[in-house]
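Single-structure report; data block below.
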Amino acid sequence: MTLNIDFVRSRFPAFTEPSLAGWGFFENAGGSYSCRHTIAALDRYYRENKVQPYGFYPASQKAGEAMDRSHERWAATLGVAVSEVHFGPSTSMNTYVLAKAISDSLGPGDEVVVTNQDHEANTGALRRATKAAGARLVEWAVDPESGRLDPEQLGGKLTARTKFVTFPHASNIIGDENDVQQLSAMAHEAGARVIVDGVSFAPHSIPNLAVLSADVYLFSLYKTYSVHQGLMVVRDDLADELPNQGHYFNAGLRNKRLTPAGPDHAQVAAAGAVIDYITELGEHHGFTGSLSDVAASVSALWRSHESALLEPLMAALRAMPSVRVLGSDRPASQGDMYRCPTVAVALRDRDPADVARALASRQLMVGAGHFYAKRLVEALGIDAARGVLRLSFVHYTSLAEVEQLISALQEELS
């Protein structure tokens, strides 16, 4: 079965927006278009329920019910308990609060394993928290040529003193999926907890956390066709061990212990609407079953469509001698870890920012820089001040748009 791309694009208002007509959007790793379900849910909340939720009158009660629905829908989709779903202002802020809680739980003699493949929001906060607690920071470094993480090297860094291991599900530069299930099992066998940054993976494949077994999993809803919120799953047993980061009188409430800021009610209420898009897409393609089952089937369609578009783009880049493709230069084969269509290239003769501007003149939206993965860019021997050219797309991208991008790249870089 193939993804019905026309049906998909009909669910995203951006594709009928006159100001965006003719533009190819290839900076999805920085934030995706929102589906119409998300936009409608926000509009509905602001018109009907822009009041304090969980009160004594109908508009307030309806507001609280919409917020509860988002927690319930995402929990069922991800395969976790409702109490384990936490919405925060962003993944960066969620990680910051989590790191503060972890710091309060660490002491001298404890160890925390981090990587240099991460977005700085994930690794930076945990690095600072570890040092502040007087614990030992252990870096699991990427291969300087491929940018990938070697699981065998992680095995050599785990000890009886390791308390936490953190790594990305997929890098926002490299794009190659890390085997969360395998790495989680390794860390758990050593007695450590696992924190996974899923920001660059979730837009391509909604994770089943019952299978992946991470103790913490974070991703950004605004990169997953939804609102500008961060979603953080923290397993209840770990949440109960971590010190409360909220008001003292809320210490017994799991959904408030790690989200000290008052939530954006409208965005939380609208956060579950993207699940309605996923289920509608599933129904259109004949998928049935639980929310997690439908999400898995829809995600498989997304990946298949993305891989089909990724191959001609990679082939074109491989033919350009002035370009160094970072990470795998081909889509993953069946059974392999997924190769996300987040393609970063180092340019030998051009400044990436200049190329990005040139592509914008051709109605192509792409990015340039280090994208908060400065440690990774430098580990790959690239000048972080120039950074890389990043081309990223998702399942609503069309073949015509990829061909538009390839043609422009060939004229600019060949």
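Simple scheme: letters A, B, ... for chains in structure tokens order, numbers from 1 for residues in each chain, numbers from 1 for ligands in the order shown.
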
message = I need the residues of segment 163-259 of chain A that end up classed as alpha helix (DSSP H) by DSSP on the backbone, written out as a list in words.
response = Val180, Gln181, Gln182, Leu183, Ser184, Ala185, Met186, Ala187, His188, Glu189, Leu209, Ala210, Val211, Leu212, Asp236, Asp237, Leu238, Ala239, Asp240, Glu241, Arg254, Asn255, Lys256 and Arg257 of chain A

Go ahead and dump the residues you just picked, N, CA and C atoms, as a PDB file, in the first residue's frame.
ATOM      1  N   VAL A 180      16.882   2.330  19.987  1.00  0.00           N
ATOM      2  CA  VAL A 180      16.500   2.655  21.360  1.00  0.00           C
ATOM      3  C   VAL A 180      16.246   1.400  22.175  1.00  0.00           C
ATOM      4  N   GLN A 181      15.596   0.433  21.576  1.00  0.00           N
ATOM      5  CA  GLN A 181      15.276  -0.797  22.312  1.00  0.00           C
ATOM      6  C   GLN A 181      16.549  -1.515  22.770  1.00  0.00           C
ATOM      7  N   GLN A 182      17.517  -1.645  21.877  1.00  0.00           N
ATOM      8  CA  GLN A 182      18.775  -2.307  22.222  1.00  0.00           C
ATOM      9  C   GLN A 182      19.555  -1.506  23.263  1.00  0.00           C
ATOM     10  N   LEU A 183      19.659  -0.205  23.039  1.00  0.00           N
ATOM     11  CA  LEU A 183      20.443   0.630  23.937  1.00  0.00           C
ATOM     12  C   LEU A 183      19.794   0.734  25.318  1.00  0.00           C
ATOM     13  N   SER A 184      18.465   0.758  25.348  1.00  0.00           N
ATOM     14  CA  SER A 184      17.762   0.780  26.632  1.00  0.00           C
ATOM     15  C   SER A 184      18.019  -0.502  27.405  1.00  0.00           C
ATOM     16  N   ALA A 185      18.003  -1.627  26.701  1.00  0.00           N
ATOM     17  CA  ALA A 185      18.251  -2.910  27.373  1.00  0.00           C
ATOM     18  C   ALA A 185      19.659  -2.946  27.963  1.00  0.00           C
ATOM     19  N   MET A 186      20.626  -2.424  27.228  1.00  0.00           N
ATOM     20  CA  MET A 186      22.007  -2.396  27.727  1.00  0.00           C
ATOM     21  C   MET A 186      22.108  -1.547  28.996  1.00  0.00           C
ATOM     22  N   ALA A 187      21.495  -0.368  28.958  1.00  0.00           N
ATOM     23  CA  ALA A 187      21.561   0.527  30.108  1.00  0.00           C
ATOM     24  C   ALA A 187      20.821  -0.050  31.308  1.00  0.00           C
ATOM     25  N   HIS A 188      19.658  -0.634  31.054  1.00  0.00           N
ATOM     26  CA  HIS A 188      18.879  -1.206  32.157  1.00  0.00           C
ATOM     27  C   HIS A 188      19.605  -2.379  32.804  1.00  0.00           C
ATOM     28  N   GLU A 189      20.296  -3.149  32.002  1.00  0.00           N
ATOM     29  CA  GLU A 189      21.058  -4.272  32.557  1.00  0.00           C
ATOM     30  C   GLU A 189      22.138  -3.774  33.513  1.00  0.00           C
ATOM     31  N   LEU A 209       6.257   3.395  22.968  1.00  0.00           N
ATOM     32  CA  LEU A 209       7.175   3.392  24.100  1.00  0.00           C
ATOM     33  C   LEU A 209       7.060   2.132  24.942  1.00  0.00           C
ATOM     34  N   ALA A 210       5.984   1.393  24.758  1.00  0.00           N
ATOM     35  CA  ALA A 210       5.887   0.103  25.436  1.00  0.00           C
ATOM     36  C   ALA A 210       6.934  -0.856  24.890  1.00  0.00           C
ATOM     37  N   VAL A 211       7.323  -0.660  23.638  1.00  0.00           N
ATOM     38  CA  VAL A 211       8.337  -1.511  23.005  1.00  0.00           C
ATOM     39  C   VAL A 211       9.738  -0.950  23.240  1.00  0.00           C
ATOM     40  N   LEU A 212       9.888   0.361  23.136  1.00  0.00           N
ATOM     41  CA  LEU A 212      11.220   0.969  23.213  1.00  0.00           C
ATOM     42  C   LEU A 212      11.815   0.923  24.616  1.00  0.00           C
ATOM     43  N   ASP A 236       6.251   6.364  35.558  1.00  0.00           N
ATOM     44  CA  ASP A 236       5.791   6.716  36.894  1.00  0.00           C
ATOM     45  C   ASP A 236       6.798   6.365  37.988  1.00  0.00           C
ATOM     46  N   ASP A 237       7.455   5.205  37.866  1.00  0.00           N
ATOM     47  CA  ASP A 237       8.376   4.816  38.939  1.00  0.00           C
ATOM     48  C   ASP A 237       9.562   5.766  39.022  1.00  0.00           C
ATOM     49  N   LEU A 238      10.026   6.271  37.865  1.00  0.00           N
ATOM     50  CA  LEU A 238      11.105   7.251  37.887  1.00  0.00           C
ATOM     51  C   LEU A 238      10.600   8.598  38.400  1.00  0.00           C
ATOM     52  N   ALA A 239       9.431   9.026  37.948  1.00  0.00           N
ATOM     53  CA  ALA A 239       8.872  10.300  38.394  1.00  0.00           C
ATOM     54  C   ALA A 239       8.715  10.326  39.915  1.00  0.00           C
ATOM     55  N   ASP A 240       8.347   9.200  40.487  1.00  0.00           N
ATOM     56  CA  ASP A 240       8.172   9.135  41.937  1.00  0.00           C
ATOM     57  C   ASP A 240       9.502   9.209  42.685  1.00  0.00           C
ATOM     58  N   GLU A 241      10.584   8.834  42.003  1.00  0.00           N
ATOM     59  CA  GLU A 241      11.910   8.884  42.634  1.00  0.00           C
ATOM     60  C   GLU A 241      12.528  10.277  42.574  1.00  0.00           C
ATOM     61  N   ARG A 254       1.364  13.720  40.132  1.00  0.00           N
ATOM     62  CA  ARG A 254       2.402  13.387  39.143  1.00  0.00           C
ATOM     63  C   ARG A 254       2.426  14.349  37.967  1.00  0.00           C
ATOM     64  N   ASN A 255       1.270  14.820  37.531  1.00  0.00           N
ATOM     65  CA  ASN A 255       1.246  15.685  36.347  1.00  0.00           C
ATOM     66  C   ASN A 255       1.699  17.105  36.643  1.00  0.00           C
ATOM     67  N   LYS A 256       2.031  17.408  37.891  1.00  0.00           N
ATOM     68  CA  LYS A 256       2.512  18.741  38.239  1.00  0.00           C
ATOM     69  C   LYS A 256       3.936  18.736  38.798  1.00  0.00           C
ATOM     70  N   ARG A 257       4.456  17.575  39.116  1.00  0.00           N
ATOM     71  CA  ARG A 257       5.775  17.500  39.750  1.00  0.00           C
ATOM     72  C   ARG A 257       6.902  17.936  38.815  1.00  0.00           C
TER      73      ARG A 257
END

Please provide the set of residues having any atom within 12 Å of Phe15 of chain A, restricted to only C-alpha atoms, with same-chain residues fewer than 2 positions apart removed, written as a PDB file with C-alpha atoms, in the first residue's frame.
ATOM      1  CA  ILE A   5      -0.336  12.028  -0.863  1.00  0.00           C
ATOM      2  CA  ASP A   6      -3.261  14.036  -2.263  1.00  0.00           C
ATOM      3  CA  PHE A   7      -5.418  13.051   0.723  1.00  0.00           C
ATOM      4  CA  VAL A   8      -2.568  13.933   3.083  1.00  0.00           C
ATOM      5  CA  ARG A   9      -1.972  17.368   1.597  1.00  0.00           C
ATOM      6  CA  SER A  10      -5.692  18.152   1.658  1.00  0.00           C
ATOM      7  CA  ARG A  11      -5.438  17.941   5.465  1.00  0.00           C
ATOM      8  CA  PHE A  12      -2.790  20.696   5.676  1.00  0.00           C
ATOM      9  CA  PRO A  13      -4.044  24.249   5.000  1.00  0.00           C
ATOM     10  CA  GLU A  17      -2.301  29.099   1.252  1.00  0.00           C
ATOM     11  CA  PRO A  18      -1.695  31.583  -1.607  1.00  0.00           C
ATOM     12  CA  SER A  19       1.416  33.094  -0.001  1.00  0.00           C
ATOM     13  CA  LEU A  20       3.058  29.631   0.039  1.00  0.00           C
ATOM     14  CA  ALA A  21       2.056  28.601  -3.485  1.00  0.00           C
ATOM     15  CA  GLY A  22       5.019  27.282  -5.466  1.00  0.00           C
ATOM     16  CA  TRP A  23       7.282  27.012  -2.429  1.00  0.00           C
ATOM     17  CA  GLY A  24       8.973  23.727  -1.536  1.00  0.00           C
ATOM     18  CA  PHE A  25       9.283  23.347   2.238  1.00  0.00           C
ATOM     19  CA  TYR A  33       3.156  22.596   9.065  1.00  0.00           C
ATOM     20  CA  SER A  34       0.133  22.033  11.315  1.00  0.00           C
ATOM     21  CA  CYS A  35      -2.704  19.813  10.181  1.00  0.00           C
ATOM     22  CA  ARG A  36      -6.173  21.359   9.941  1.00  0.00           C
ATOM     23  CA  TYR A 396       3.393  15.409   3.190  1.00  0.00           C
ATOM     24  CA  THR A 397       6.264  16.328   0.850  1.00  0.00           C
ATOM     25  CA  SER A 398       5.586  15.501  -2.807  1.00  0.00           C
ATOM     26  CA  GLU A 401       8.833  19.264  -4.619  1.00  0.00           C
TER      27      GLU A 401
END

ask   = Using only C-alpha atoms, which residues sit within 8 Å of segment 259-273 of chain A once same-chain residues fewer than 5 positions away are excluded, as a ChimeraX atom specification?
value = /A:37-38,41-42,45-46,50,53,63-64,66-71,73-74,86-89,94,97,221,226-229,245-247

request  = Rounded to one decimal place, report the atom CA of Thr130 of chain A-atom CA of Asp104 of chain A distance in Å.
outcome  =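 Interatomic distance here is 9.4 Å.
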
request  = Would you kindly return, as an MDAnalysis selection string, each protein, DNA or RNA residue with an atom no farther than 9 Å from any atom of Glu177 of chain A, considering only C-alpha atoms and excluding same-chain residues fewer than 5 positions away?
outcome  = chainID A and resid 168:171 201 337:340

Please, could you write that set of residues out with N, CA and C atoms as a JSON list (two decimals), in the first residue's frame?
[["chain", "number", "residue", "atom", "x", "y", "z"],
["A", 168, "PRO", "N", 19.98, 10.66, 21.48],
["A", 168, "PRO", "CA", 18.85, 10.96, 20.59],
["A", 168, "PRO", "C", 18.34, 9.71, 19.88],
["A", 169, "HIS", "N", 17.04, 9.66, 19.64],
["A", 169, "HIS", "CA", 16.48, 8.58, 18.82],
["A", 169, "HIS", "C", 17.03, 8.71, 17.40],
["A", 170, "ALA", "N", 17.14, 9.96, 16.95],
["A", 170, "ALA", "CA", 17.81, 10.26, 15.68],
["A", 170, "ALA", "C", 18.35, 11.68, 15.79],
["A", 171, "SER", "N", 19.54, 11.89, 15.26],
["A", 171, "SER", "CA", 20.16, 13.20, 15.30],
["A", 171, "SER", "C", 19.47, 14.16, 14.33],
["A", 201, "PHE", "N", 12.89, 12.26, 15.46],
["A", 201, "PHE", "CA", 12.38, 10.98, 14.98],
["A", 201, "PHE", "C", 10.86, 10.94, 14.94],
["A", 337, "MET", "N", 17.60, 0.02, 10.86],
["A", 337, "MET", "CA", 17.12, 1.21, 11.52],
["A", 337, "MET", "C", 16.74, 2.25, 10.45],
["A", 338, "TYR", "N", 15.76, 3.08, 10.76],
["A", 338, "TYR", "CA", 15.25, 4.03, 9.78],
["A", 338, "TYR", "C", 16.26, 5.16, 9.53],
["A", 339, "ARG", "N", 16.31, 5.62, 8.30],
["A", 339, "ARG", "CA", 17.11, 6.77, 7.93],
["A", 339, "ARG", "C", 16.13, 7.92, 7.70],
["A", 340, "CYS", "N", 16.01, 8.81, 8.68],
["A", 340, "CYS", "CA", 15.08, 9.93, 8.56],
["A", 340, "CYS", "C", 15.48, 10.84, 7.40]]

For segment 287-295 of chain A, please output as a JSON list (two decimals) with N, CA and C atoms, in the first residue's frame all residues within 7 Å (counting only C-alpha atoms; exclusion window: fewer than 6 positions along the same chain).
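The resulting file, selection24.json, is shown below:
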[["chain", "number", "residue", "atom", "x", "y", "z"],
["A", 76, "ALA", "N", -2.57, 6.75, 24.98],
["A", 76, "ALA", "CA", -2.99, 5.54, 24.27],
["A", 76, "ALA", "C", -2.19, 5.33, 23.00],
["A", 77, "THR", "N", -1.83, 6.40, 22.32],
["A", 77, "THR", "CA", -1.06, 6.30, 21.08],
["A", 77, "THR", "C", 0.38, 5.87, 21.35],
["A", 78, "LEU", "N", 0.98, 6.39, 22.41],
["A", 78, "LEU", "CA", 2.38, 6.09, 22.73],
["A", 78, "LEU", "C", 2.53, 4.80, 23.52],
["A", 79, "GLY", "N", 1.44, 4.26, 24.03],
["A", 79, "GLY", "CA", 1.51, 3.01, 24.79],
["A", 79, "GLY", "C", 1.98, 3.19, 26.22],
["A", 206, "ILE", "N", 5.65, 7.69, 14.80],
["A", 206, "ILE", "CA", 5.18, 7.84, 16.18],
["A", 206, "ILE", "C", 5.69, 6.66, 16.99],
["A", 208, "ASN", "N", 6.33, 3.72, 19.76],
["A", 208, "ASN", "CA", 5.60, 2.86, 20.71],
["A", 208, "ASN", "C", 6.51, 2.67, 21.90],
["A", 278, "ILE", "N", -4.16, 11.50, 12.50],
["A", 278, "ILE", "CA", -3.56, 10.18, 12.30],
["A", 278, "ILE", "C", -4.63, 9.11, 12.15],
["A", 279, "THR", "N", -5.67, 9.17, 12.98],
["A", 279, "THR", "CA", -6.73, 8.16, 12.87],
["A", 279, "THR", "C", -7.53, 8.33, 11.58]]

message = Just checking: using only C-alpha atoms, which residue out of A:Arg303, A:Glu403, A:Ala344, A:Arg318 ends up closest to Ala332 of chain A?
response = A:Arg303

Those of segment 48-242 of chain A in DSSP strand (DSSP E or B), formatted as a PDB file with N, CA and C atoms, in the first residue's frame:
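Everything below was put into result.pdb:
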ATOM      1  N   VAL A  85       2.306  11.135  30.843  1.00  0.00           N
ATOM      2  CA  VAL A  85       2.362  12.143  29.780  1.00  0.00           C
ATOM      3  C   VAL A  85       2.380  13.534  30.400  1.00  0.00           C
ATOM      4  N   HIS A  86       3.428  14.309  30.060  1.00  0.00           N
ATOM      5  CA  HIS A  86       3.592  15.658  30.599  1.00  0.00           C
ATOM      6  C   HIS A  86       3.752  16.638  29.441  1.00  0.00           C
ATOM      7  N   PHE A  87       2.925  17.685  29.424  1.00  0.00           N
ATOM      8  CA  PHE A  87       3.052  18.741  28.430  1.00  0.00           C
ATOM      9  C   PHE A  87       3.783  19.926  29.054  1.00  0.00           C
ATOM     10  N   GLY A  88       4.735  20.499  28.323  1.00  0.00           N
ATOM     11  CA  GLY A  88       5.468  21.663  28.791  1.00  0.00           C
ATOM     12  C   GLY A  88       5.645  22.666  27.676  1.00  0.00           C
ATOM     13  N   GLU A 111      27.404   8.440  37.987  1.00  0.00           N
ATOM     14  CA  GLU A 111      27.858   8.731  36.625  1.00  0.00           C
ATOM     15  C   GLU A 111      26.663   8.923  35.699  1.00  0.00           C
ATOM     16  N   VAL A 112      26.834   9.821  34.728  1.00  0.00           N
ATOM     17  CA  VAL A 112      25.815  10.077  33.709  1.00  0.00           C
ATOM     18  C   VAL A 112      26.491  10.019  32.344  1.00  0.00           C
ATOM     19  N   VAL A 113      25.942   9.227  31.438  1.00  0.00           N
ATOM     20  CA  VAL A 113      26.488   9.089  30.088  1.00  0.00           C
ATOM     21  C   VAL A 113      25.713   9.989  29.132  1.00  0.00           C
ATOM     22  N   VAL A 114      26.443  10.848  28.422  1.00  0.00           N
ATOM     23  CA  VAL A 114      25.842  11.726  27.418  1.00  0.00           C
ATOM     24  C   VAL A 114      26.571  11.498  26.090  1.00  0.00           C
ATOM     25  N   THR A 115      26.014  12.031  25.005  1.00  0.00           N
ATOM     26  CA  THR A 115      26.679  11.918  23.704  1.00  0.00           C
ATOM     27  C   THR A 115      26.990  13.302  23.157  1.00  0.00           C
ATOM     28  N   ARG A 136      30.034  12.299  37.965  1.00  0.00           N
ATOM     29  CA  ARG A 136      31.008  12.164  36.867  1.00  0.00           C
ATOM     30  C   ARG A 136      30.273  12.118  35.533  1.00  0.00           C
ATOM     31  N   LEU A 137      30.714  12.977  34.614  1.00  0.00           N
ATOM     32  CA  LEU A 137      30.156  13.020  33.269  1.00  0.00           C
ATOM     33  C   LEU A 137      30.976  12.122  32.354  1.00  0.00           C
ATOM     34  N   VAL A 138      30.306  11.224  31.638  1.00  0.00           N
ATOM     35  CA  VAL A 138      30.960  10.289  30.724  1.00  0.00           C
ATOM     36  C   VAL A 138      30.414  10.544  29.320  1.00  0.00           C
ATOM     37  N   GLU A 139      31.306  10.861  28.371  1.00  0.00           N
ATOM     38  CA  GLU A 139      30.837  11.147  27.015  1.00  0.00           C
ATOM     39  C   GLU A 139      30.990   9.931  26.111  1.00  0.00           C
ATOM     40  N   TRP A 140      29.911   9.598  25.451  1.00  0.00           N
ATOM     41  CA  TRP A 140      29.868   8.553  24.422  1.00  0.00           C
ATOM     42  C   TRP A 140      29.925   9.294  23.084  1.00  0.00           C
ATOM     43  N   THR A 162      26.645   3.992  36.937  1.00  0.00           N
ATOM     44  CA  THR A 162      25.895   4.747  35.940  1.00  0.00           C
ATOM     45  C   THR A 162      24.437   4.885  36.365  1.00  0.00           C
ATOM     46  N   LYS A 163      23.968   6.116  36.476  1.00  0.00           N
ATOM     47  CA  LYS A 163      22.592   6.375  36.891  1.00  0.00           C
ATOM     48  C   LYS A 163      21.678   6.714  35.711  1.00  0.00           C
ATOM     49  N   PHE A 164      22.218   7.442  34.738  1.00  0.00           N
ATOM     50  CA  PHE A 164      21.419   7.845  33.584  1.00  0.00           C
ATOM     51  C   PHE A 164      22.252   7.749  32.313  1.00  0.00           C
ATOM     52  N   VAL A 165      21.581   7.377  31.217  1.00  0.00           N
ATOM     53  CA  VAL A 165      22.171   7.387  29.878  1.00  0.00           C
ATOM     54  C   VAL A 165      21.213   8.171  28.988  1.00  0.00           C
ATOM     55  N   THR A 166      21.726   9.154  28.266  1.00  0.00           N
ATOM     56  CA  THR A 166      20.874   9.946  27.394  1.00  0.00           C
ATOM     57  C   THR A 166      21.445   9.988  25.980  1.00  0.00           C
ATOM     58  N   PHE A 167      20.579   9.890  24.993  1.00  0.00           N
ATOM     59  CA  PHE A 167      20.993   9.914  23.590  1.00  0.00           C
ATOM     60  C   PHE A 167      19.776  10.242  22.732  1.00  0.00           C
ATOM     61  N   PRO A 168      19.978  10.660  21.477  1.00  0.00           N
ATOM     62  CA  PRO A 168      18.848  10.956  20.588  1.00  0.00           C
ATOM     63  C   PRO A 168      18.340   9.706  19.881  1.00  0.00           C
ATOM     64  N   ALA A 170      17.138   9.957  16.950  1.00  0.00           N
ATOM     65  CA  ALA A 170      17.808  10.264  15.676  1.00  0.00           C
ATOM     66  C   ALA A 170      18.354  11.679  15.790  1.00  0.00           C
ATOM     67  N   ASP A 176      20.226   9.257  11.043  1.00  0.00           N
ATOM     68  CA  ASP A 176      20.162   7.807  11.241  1.00  0.00           C
ATOM     69  C   ASP A 176      19.530   7.477  12.585  1.00  0.00           C
ATOM     70  N   GLU A 177      18.619   6.514  12.580  1.00  0.00           N
ATOM     71  CA  GLU A 177      17.959   6.090  13.820  1.00  0.00           C
ATOM     72  C   GLU A 177      18.922   5.308  14.705  1.00  0.00           C
ATOM     73  N   ARG A 193      19.030   4.411  34.159  1.00  0.00           N
ATOM     74  CA  ARG A 193      17.814   4.917  33.522  1.00  0.00           C
ATOM     75  C   ARG A 193      18.169   5.496  32.158  1.00  0.00           C
ATOM     76  N   VAL A 194      17.179   5.518  31.250  1.00  0.00           N
ATOM     77  CA  VAL A 194      17.420   5.946  29.873  1.00  0.00           C
ATOM     78  C   VAL A 194      16.543   7.140  29.514  1.00  0.00           C
ATOM     79  N   ILE A 195      17.178   8.184  28.983  1.00  0.00           N
ATOM     80  CA  ILE A 195      16.485   9.388  28.517  1.00  0.00           C
ATOM     81  C   ILE A 195      16.725   9.505  27.013  1.00  0.00           C
ATOM     82  N   VAL A 196      15.652   9.574  26.245  1.00  0.00           N
ATOM     83  CA  VAL A 196      15.766   9.618  24.781  1.00  0.00           C
ATOM     84  C   VAL A 196      15.135  10.894  24.239  1.00  0.00           C
ATOM     85  N   ASP A 197      15.902  11.608  23.445  1.00  0.00           N
ATOM     86  CA  ASP A 197      15.417  12.785  22.731  1.00  0.00           C
ATOM     87  C   ASP A 197      14.842  12.315  21.395  1.00  0.00           C
ATOM     88  N   VAL A 216      12.479   7.878  29.936  1.00  0.00           N
ATOM     89  CA  VAL A 216      12.020   9.215  29.563  1.00  0.00           C
ATOM     90  C   VAL A 216      12.115   9.328  28.048  1.00  0.00           C
ATOM     91  N   TYR A 217      11.078   9.886  27.429  1.00  0.00           N
ATOM     92  CA  TYR A 217      11.096  10.116  25.980  1.00  0.00           C
ATOM     93  C   TYR A 217      10.489  11.489  25.745  1.00  0.00           C
ATOM     94  N   LEU A 218      11.219  12.345  25.021  1.00  0.00           N
ATOM     95  CA  LEU A 218      10.786  13.713  24.779  1.00  0.00           C
ATOM     96  C   LEU A 218      10.700  14.001  23.287  1.00  0.00           C
ATOM     97  N   PHE A 219       9.689  14.772  22.883  1.00  0.00           N
ATOM     98  CA  PHE A 219       9.661  15.275  21.513  1.00  0.00           C
ATOM     99  C   PHE A 219       8.822  16.543  21.452  1.00  0.00           C
ATOM    100  N   SER A 220       8.928  17.242  20.315  1.00  0.00           N
ATOM    101  CA  SER A 220       8.280  18.542  20.137  1.00  0.00           C
ATOM    102  C   SER A 220       7.046  18.392  19.269  1.00  0.00           C
ATOM    103  N   GLY A 230       6.045  20.964  24.162  1.00  0.00           N
ATOM    104  CA  GLY A 230       6.891  19.783  24.260  1.00  0.00           C
ATOM    105  C   GLY A 230       6.118  18.690  24.980  1.00  0.00           C
ATOM    106  N   LEU A 231       6.235  17.471  24.498  1.00  0.00           N
ATOM    107  CA  LEU A 231       5.624  16.330  25.170  1.00  0.00           C
ATOM    108  C   LEU A 231       6.740  15.483  25.772  1.00  0.00           C
ATOM    109  N   MET A 232       6.620  15.210  27.061  1.00  0.00           N
ATOM    110  CA  MET A 232       7.618  14.419  27.773  1.00  0.00           C
ATOM    111  C   MET A 232       6.926  13.256  28.469  1.00  0.00           C
ATOM    112  N   VAL A 233       7.372  12.057  28.148  1.00  0.00           N
ATOM    113  CA  VAL A 233       6.899  10.870  28.856  1.00  0.00           C
ATOM    114  C   VAL A 233       7.935  10.513  29.908  1.00  0.00           C
ATOM    115  N   VAL A 234       7.492  10.430  31.151  1.00  0.00           N
ATOM    116  CA  VAL A 234       8.358   9.994  32.244  1.00  0.00           C
ATOM    117  C   VAL A 234       7.654   8.844  32.934  1.00  0.00           C
TER     118      VAL A 234
END

request  = Work out how far atom CA of Ala141 of chain A is from atom CA of Ala346 of chain A, in Å to one decimal.
outcome  =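 Atom CA of Ala141 of chain A lies 19.8 Å from atom CA of Ala346 of chain A.
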
ask   = Quick one: residues within 10 Å of Ala358 of chain A, only C-alpha atoms counted, chain neighbours fewer than 6 positions away excluded, as a list in words?
value =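 Final neighbour list, sorted by chain and number: Pro352, Leu364, Ala408, Leu409 and Glu412 of chain A.
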
Dump of C-alpha atoms for the selected residues, as a JSON list (two decimals), in the first residue's frame:
[["chain", "number", "residue", "atom", "x", "y", "z"],
["A", 352, "PRO", "CA", 25.82, 27.03, 3.41],
["A", 364, "LEU", "CA", 12.80, 26.58, -1.70],
["A", 408, "ALA", "CA", 17.98, 23.75, -7.97],
["A", 409, "LEU", "CA", 20.80, 21.96, -6.10],
["A", 412, "GLU", "CA", 23.79, 25.74, -7.57]]
